[in-house]
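Enquirer: One structure, pasted below without further comment.
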Amino acid sequence: MTPDIALSPLDEARWGVRSARALLAAATLPAALDFCRANEVVFLVARCAVADITAAQAMERAGFRLMDTLLYFTRVITNSASLPSPLPEAVAVRPVRPDEADAVRDLAGRAFAGYGGHYHADERLERAACDAVYADWAYRSCQSRQVADEVLVAALDKRIVGFITLRLRGDEGDGPLYGVDPSAQGQGIGGALMAGALAWLQARGARRMLMSTQITNVASQKVWTRLGFEPSHAEYTFHRWFDEQFAGDR
């Protein structure tokens, strides 16, 4: 079977080593390892379905280390009556302006400092560089429609206190990056952003929205379930460093 794997120039630029990303199953793992050897990959980020325990165990035997567990939530978007009720009037949710990319980047840096994602879980990756991944992602989302179709920001007293990046693929949309300034948490910002995201996607013909987060991020999961999202599926994220000696390599 052909594995779902490709080189990752973005990770290579971040970490300074040949990198790749993959979505694996037990049957595709051998071919993925062959790909990495053929392409001199040093760092591989690989995911597999939590339901595929055979794949997870095979990856552990091959020297992969578990870094995080992602939970996915979905919500059907049908008509205007199905959208959440208006949230705090003091919070304005709108598309980001071109001159606000720096503000969104800085907000992401604060929101994701020390975040429990797969990069932060890897002891080989420097902490500040891990924080910078999310700030850079947020900035690039504001600058390029190849990264995000839209970025919505939440403004409170004219100050940007939250953002969500949006992508639309056919009739399904997702919000891959979503953050609230730590100084503004507990004020309904997250719910306002999600309501704005649902309305934006519905207006463009989406029938479903997908969100994901680490299993430990209970706060976001509570926001989503209150807005009608339901658990969908889960994935493990593994890292494999090929410059480390592993018994199976000998």
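Convention: chains lettered A, B, ... in structure tokens order; per-chain residue numbering from 1; ligands numbered from 1 as shown.
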Once you count only C-alpha atoms, what closest atom pair and distance in Å to one decimal does each residue of stretch 116-186 of chain A within 8 Å of stretch 61-72 of chain A have, with rows by chain and rising residue number, as a Markdown table?

Expert:
| residue | atom | partner | partner_atom | distance |
| --- | --- | --- | --- | --- |
| A:Gly116 | CA | A:Asp68 | CA | 7.9 |
| A:Gly117 | CA | A:Asp68 | CA | 6.4 |
| A:His118 | CA | A:Met67 | CA | 4.8 |
| A:Tyr119 | CA | A:Met67 | CA | 7.7 |
| A:Ala121 | CA | A:Met67 | CA | 5.5 |
| A:Asp122 | CA | A:Met67 | CA | 6.7 |

Enquirer: Please give the complete set of residues from stretch 32-225 of chain A that DSSP, run on the backbone, assigns to strand (DSSP E or B), formatted as a count of residues only.

Expert: 55

Enquirer: Give me the residues of stretch 53-109 of chain A that have any atom at most 8 Å from an atom of stretch 206-209 of chain A; for each, the nearest atom pair and the distance in Å, rounded to one decimal. Use only C-alpha atoms, sort by chain and number, and format it as JSON lines.

Expert:
{"residue": "A:Thr74", "atom": "CA", "partner": "A:Met209", "partner_atom": "CA", "distance": 5.5}
{"residue": "A:Arg75", "atom": "CA", "partner": "A:Met209", "partner_atom": "CA", "distance": 5.3}
{"residue": "A:Val76", "atom": "CA", "partner": "A:Arg208", "partner_atom": "CA", "distance": 4.4}
{"residue": "A:Ile77", "atom": "CA", "partner": "A:Arg207", "partner_atom": "CA", "distance": 4.6}
{"residue": "A:Thr78", "atom": "CA", "partner": "A:Arg207", "partner_atom": "CA", "distance": 6.1}

Enquirer: Keeping only C-alpha atoms, write the selected residues to a file as a compact mmCIF listing (two decimals), in the first residue's frame.

Expert:
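result-v4.txt written:
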# COMPACT_ATOMS: atom_id res chain seq x y z
CA THR A 74 -18.01 18.38 14.07
CA ARG A 75 -21.15 20.46 13.76
CA VAL A 76 -23.75 20.36 11.00
CA ILE A 77 -24.55 23.74 9.44
CA THR A 78 -28.05 23.73 7.97

Enquirer: May I have the residues within 8 Å of A:Gly191 as a VMD selection string, using only C-alpha atoms and disregarding those fewer than 3 positions away in the same chain?

Expert: chain A and resid 87 188 194 to 195 223 to 224 227

Enquirer: Write out as a ChimeraX atom specification each polymer residue whose atoms come within 8 Å of stretch 7-15 of chain A, counting only C-alpha atoms; drop sequence neighbours fewer than 5 positions from it.

Expert: /A:20-21,125,129,133

Enquirer: Give me the residues within 12 Å of A:Glu40 as a PyMOL selection string, counting only C-alpha atoms and dropping any in the same chain fewer than 4 places off.

Expert: chain A and resi 7+17-20+33-36+44+241-243

Enquirer: Between A:Val161, A:Ala132, A:Leu166, A:Cys48, which residue has the minimum interatomic distance to A:Gln146, considering only C-alpha atoms?

Expert: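 Among the listed residues, A:Leu166 lies closest to A:Gln146.
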
Enquirer: Got a sec: who's within 12 Å of A:Met1, counting only C-alpha atoms, leaving out chain neighbours fewer than 3 positions off, as JSON, numbers by chain?

Expert: {"A": [4, 5, 24, 25, 26, 27, 28, 29, 30, 31, 32]}

Enquirer: Might you pull out every residue within 9 Å of A:Asp157, with only C-alpha atoms counted and same-chain residues fewer than 3 positions away left off, and present them as a PyMOL selection string?

Expert: chain A and resi 90-92+160

Enquirer: Save out the residues we just selected, N, CA and C atoms, as a PDB file, in the first residue's frame.

Expert:
ATOM      1  N   ALA A  90     -20.496  43.518  23.249  1.00  0.00           N
ATOM      2  CA  ALA A  90     -19.238  44.263  23.322  1.00  0.00           C
ATOM      3  C   ALA A  90     -18.165  43.656  22.442  1.00  0.00           C
ATOM      4  N   VAL A  91     -18.386  42.405  22.010  1.00  0.00           N
ATOM      5  CA  VAL A  91     -17.392  41.703  21.193  1.00  0.00           C
ATOM      6  C   VAL A  91     -17.779  41.806  19.729  1.00  0.00           C
ATOM      7  N   ALA A  92     -16.920  42.386  18.914  1.00  0.00           N
ATOM      8  CA  ALA A  92     -17.145  42.485  17.470  1.00  0.00           C
ATOM      9  C   ALA A  92     -16.281  41.452  16.767  1.00  0.00           C
ATOM     10  N   ILE A 160      -7.843  43.773  19.562  1.00  0.00           N
ATOM     11  CA  ILE A 160      -7.985  42.390  19.113  1.00  0.00           C
ATOM     12  C   ILE A 160      -7.639  41.452  20.268  1.00  0.00           C
TER      13      ILE A 160
END

Enquirer: Counting only C-alpha atoms, what are the residues of stretch 66-138 of chain A within 8 Å of stretch 173-184 of chain A, and for each of them which pair of atoms is the nearest and at what distance in Å, to one decimal? Sort the table by chain and rising number, as CSV.

Expert:
residue,atom,partner,partner_atom,distance
A:Leu107,CA,A:Asp181,CA,6.0
A:Ala108,CA,A:Gly179,CA,6.4
A:Arg110,CA,A:Asp181,CA,6.6
A:Ala111,CA,A:Asp181,CA,5.4
A:Phe112,CA,A:Gly179,CA,7.6
A:Ala138,CA,A:Leu177,CA,7.3

Enquirer: Taking into account only C-alpha atoms, which residue in the set A:Tyr236, A:Gln214, A:Gly205, A:Ala155 is nearest to A:Gln187?

Expert: A:Ala155

Enquirer: Pull the alpha helix (DSSP H) assignments for stretch 14-232 of chain A out of DSSP run on the backbone, and list those residues as a ChimeraX atom specification.

Expert: /A:14-15,29-38,53-61,101-111,127-143,189-203,218-226

Enquirer: Would you please work out which residue, of A:Arg47, A:Arg127, A:Arg37, A:Arg105, is nearest to A:Phe238 when using only C-alpha atoms?

Expert: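 Of A:Arg47, A:Arg127, A:Arg37, A:Arg105, the one nearest A:Phe238, counting only C-alpha atoms, is A:Arg47.
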
Enquirer: Please, what distance in Å, to one decimal, runs between atom CA of A:Ser212 and atom CA of A:Val41?

Expert: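 Those two atoms sit 27.2 Å apart.
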
Enquirer: What is the distance, in Å and to one decimal place, between atom CA of A:Ala56 and atom CA of A:Phe229?

Expert: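 Pair atom CA of A:Ala56 / atom CA of A:Phe229 returns 27.0 Å.
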